[in-house]
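Report on one structure; see the data block that follows.
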Amino acid sequence: MTDAHETAADSSLRTTGGAPPDDDGSSATEAPIPLLEPREGIPPVIADESALARMIAAFEAGSGPVAVDAERASGYRYGQRAYLVQLRRQGAGSALIDPVACPDLSALGEALSGAEWVLHAATQDLPCLREIGMVPTRLFDTELAGRLAGFPRVGLGAMVEGVLGFVLEKGHSAVDWSTRPLPEPWLRYAALDVELLVDLRDALEKELDRQGKLEWARQEFDAIASAPPPEPRKDPWRRTSGMHKVRRRRQLAVVRELWQTRDRIAQRRDVSPGKVLGDAAIVEAALAIPANVHALAALNGFGHRMSKRQLEQWQAAVDRAKGLSEAQLPQPGQPVTGPPPPRAWADKDPVAAARLSAARAGVSALAEQLTMPQENLIAPDTVRRVCWEPPAVVDAESVGAALAGYGARPWQVELVTPVLVEALSAKEA
């Protein structure tokens, strides 16, 4: 008997066999069932090594896939570390682990290395899990599976309701998970997030198989599991919200100095950078380049609540930017390693712009035919790169090799190559 059956006290699942909603937007006819309590109740939070060792042994002895989730404190704390890890496995039940008290979960990761991990939106959780020693070798991403299967809404709550017929309470998704002790309602919410994850995985696997997309999904999951950690962003200060207003290099230098000062303070205090100083205030100061603390205090974001010492540290950052030589000022744009922005193609290379237009239309039509988002059929950046610099000889072999060289999976190469060959050939002719 599955967890979902037992959770509903033997009431049958309201399921459509995992199928996406019908064309009219409807799915099942019965009202969804609120999921109010985990099947075995809220498990105690594991916060010491002996309890962790017992839990690891239980999960290693369990069977089947392992549901995995993590809660972060985005918007409250610096970085994206995990503040709660939830797991569930047949034969072991559910577990809640405090990774602050137990920061090294590598033994758990090793114990589960042979199992398939089931995550929802895996790429969001994998970085913080990797930090504490949990790295899967195999995974199933229920959000990505939903995209490939053509579901219009792929949030966990929408998927559980649409596929399994249960309503998850989602009121605590954006709370401060660094809070200690964690309130019981939050723990209940966290435990319920993994309660039906394996059931959702099983239903989606059947649906993908029915649509002939299961092998495609497996290739996508393998690519996620085997991907190396992302490289640190170059010049992350350039992502400050409102940067489009900043034009002059001296103003860019002010943004950089303020951003870097804010980042050091936020890291030292372990708070979200936005709680130290807002992006809007950084941009405001960059545009004004205030001459002194009094001028700075008059700007939005540097109001009366800010102490004199704080104002002085921000003004010192502005003054550092003002004191830089021309050679030390940042350039207005980031170095371009790939094709230019598509909006510039018509002027730079009208033939390439025509290729891209034809390719986009072909990819869009194929994605609609396959009922999946275009970006999951093939990365838009890959299409742009092939269209900007197509192979010298446009044929299936050369275009397929180009797609594979940019990281496209075999299923994507097989499906998209004919579309791009047609688009590139038509515009070359």
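For the structure tokens, the naming scheme is as follows: chains receive sequential letters (A, B, ...) according to their order of presentation, residues are indexed from 1 within each chain, and ligands are indexed from 1 in presentation order.
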Exercise. Pick out each residue of stretch 111-260 of chain A that DSSP on the backbone tags as strand (DSSP E or B); I need them as a PyMOL selection string.
Key: chain A and resi 116-119+138-141+166-168
For C-alpha atoms, I'd like the residues from the last selection saved as a PDB file, in the first residue's frame.
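For reference, again-v1.pdb as written:
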ATOM      1  CA  GLU A 116      16.991   7.352  -6.606  1.00  0.00           C
ATOM      2  CA  TRP A 117      16.328  10.726  -4.977  1.00  0.00           C
ATOM      3  CA  VAL A 118      12.981  12.373  -5.708  1.00  0.00           C
ATOM      4  CA  LEU A 119      13.046  16.165  -5.572  1.00  0.00           C
ATOM      5  CA  ARG A 138      20.336   9.299  -9.548  1.00  0.00           C
ATOM      6  CA  LEU A 139      17.311  11.555  -9.250  1.00  0.00           C
ATOM      7  CA  PHE A 140      13.762  12.145 -10.422  1.00  0.00           C
ATOM      8  CA  ASP A 141      12.624  15.773 -10.623  1.00  0.00           C
ATOM      9  CA  PHE A 166      -4.703  16.133  -2.326  1.00  0.00           C
ATOM     10  CA  VAL A 167      -4.340  19.739  -1.208  1.00  0.00           C
ATOM     11  CA  LEU A 168      -1.061  20.694   0.477  1.00  0.00           C
TER      12      LEU A 168
END
Practice problem: Quick one: pick out all alpha helix (DSSP H) residues within stretch 13-242 of chain A from a backbone DSSP run and write them as a PyMOL selection string. | Solution: chain A and resi 49-61+106-111+122-131+142-149+156-159+184-195+197-211+214-226
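Our summary of the geometry notes that atom CA of A:Leu84 is positioned 17.9 Å from atom CA of A:Ser272.
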Under the rule of at most 10 Å, produce a per-residue listing of stretch 88-200 of chain A near stretch 358-377 of chain A: chain, number, name, the closest pair of atoms, and the distance in Å, as JSON lines, using only C-alpha atoms.
{"residue": "A:Leu144", "atom": "CA", "partner": "A:Asn376", "partner_atom": "CA", "distance": 8.5}
{"residue": "A:Gly146", "atom": "CA", "partner": "A:Met372", "partner_atom": "CA", "distance": 9.0}
{"residue": "A:Arg147", "atom": "CA", "partner": "A:Met372", "partner_atom": "CA", "distance": 6.0}
{"residue": "A:Leu148", "atom": "CA", "partner": "A:Met372", "partner_atom": "CA", "distance": 5.3}
{"residue": "A:Ala149", "atom": "CA", "partner": "A:Met372", "partner_atom": "CA", "distance": 6.7}
{"residue": "A:Gly150", "atom": "CA", "partner": "A:Met372", "partner_atom": "CA", "distance": 4.9}
{"residue": "A:Phe151", "atom": "CA", "partner": "A:Met372", "partner_atom": "CA", "distance": 8.0}
{"residue": "A:Pro152", "atom": "CA", "partner": "A:Met372", "partner_atom": "CA", "distance": 9.0}
Self-check item: All residues 7 Å or closer to A:Ile42, only C-alpha atoms, same chain fewer than 5 positions away omitted, as a list of chain:residue names
Solution: A:Leu187, A:Arg188, A:Ala191
Quiz prompt | Close residues, stretch 393-404 of chain A itself excluded, 7 Å, only C-alpha atoms, min 3 positions apart in chain, as a list of chain:residue names | solution = A:Thr382, A:Val386, A:Gly407, A:Ala408, A:Arg409, A:Val413, A:Thr417, A:Pro418, A:Val421, A:Ser425
Could the residues of stretch 228-315 of chain A that have an atom at most 12 Å from stretch 334-350 of chain A be listed as a Markdown table, each with its closest atom pair and the distance in Å to one decimal, counting only C-alpha atoms and ordered by chain and ascending residue number?
| residue | atom | partner | partner_atom | distance |
| --- | --- | --- | --- | --- |
| A:Arg233 | CA | A:Gln334 | CA | 11.6 |
| A:Lys234 | CA | A:Gln334 | CA | 8.9 |
| A:Asp235 | CA | A:Gln334 | CA | 8.3 |
| A:Pro236 | CA | A:Gln334 | CA | 10.7 |
| A:Trp237 | CA | A:Gln334 | CA | 11.3 |
| A:Arg238 | CA | A:Gln334 | CA | 8.4 |
| A:Arg239 | CA | A:Gln334 | CA | 10.9 |
| A:Leu252 | CA | A:Gln334 | CA | 11.8 |
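For the set A:Glu30, A:Tyr76, A:Gln331, A:Ser94, the residue with the smallest atom-to-atom gap to A:Met55 is A:Ser94, counting only C-alpha atoms.
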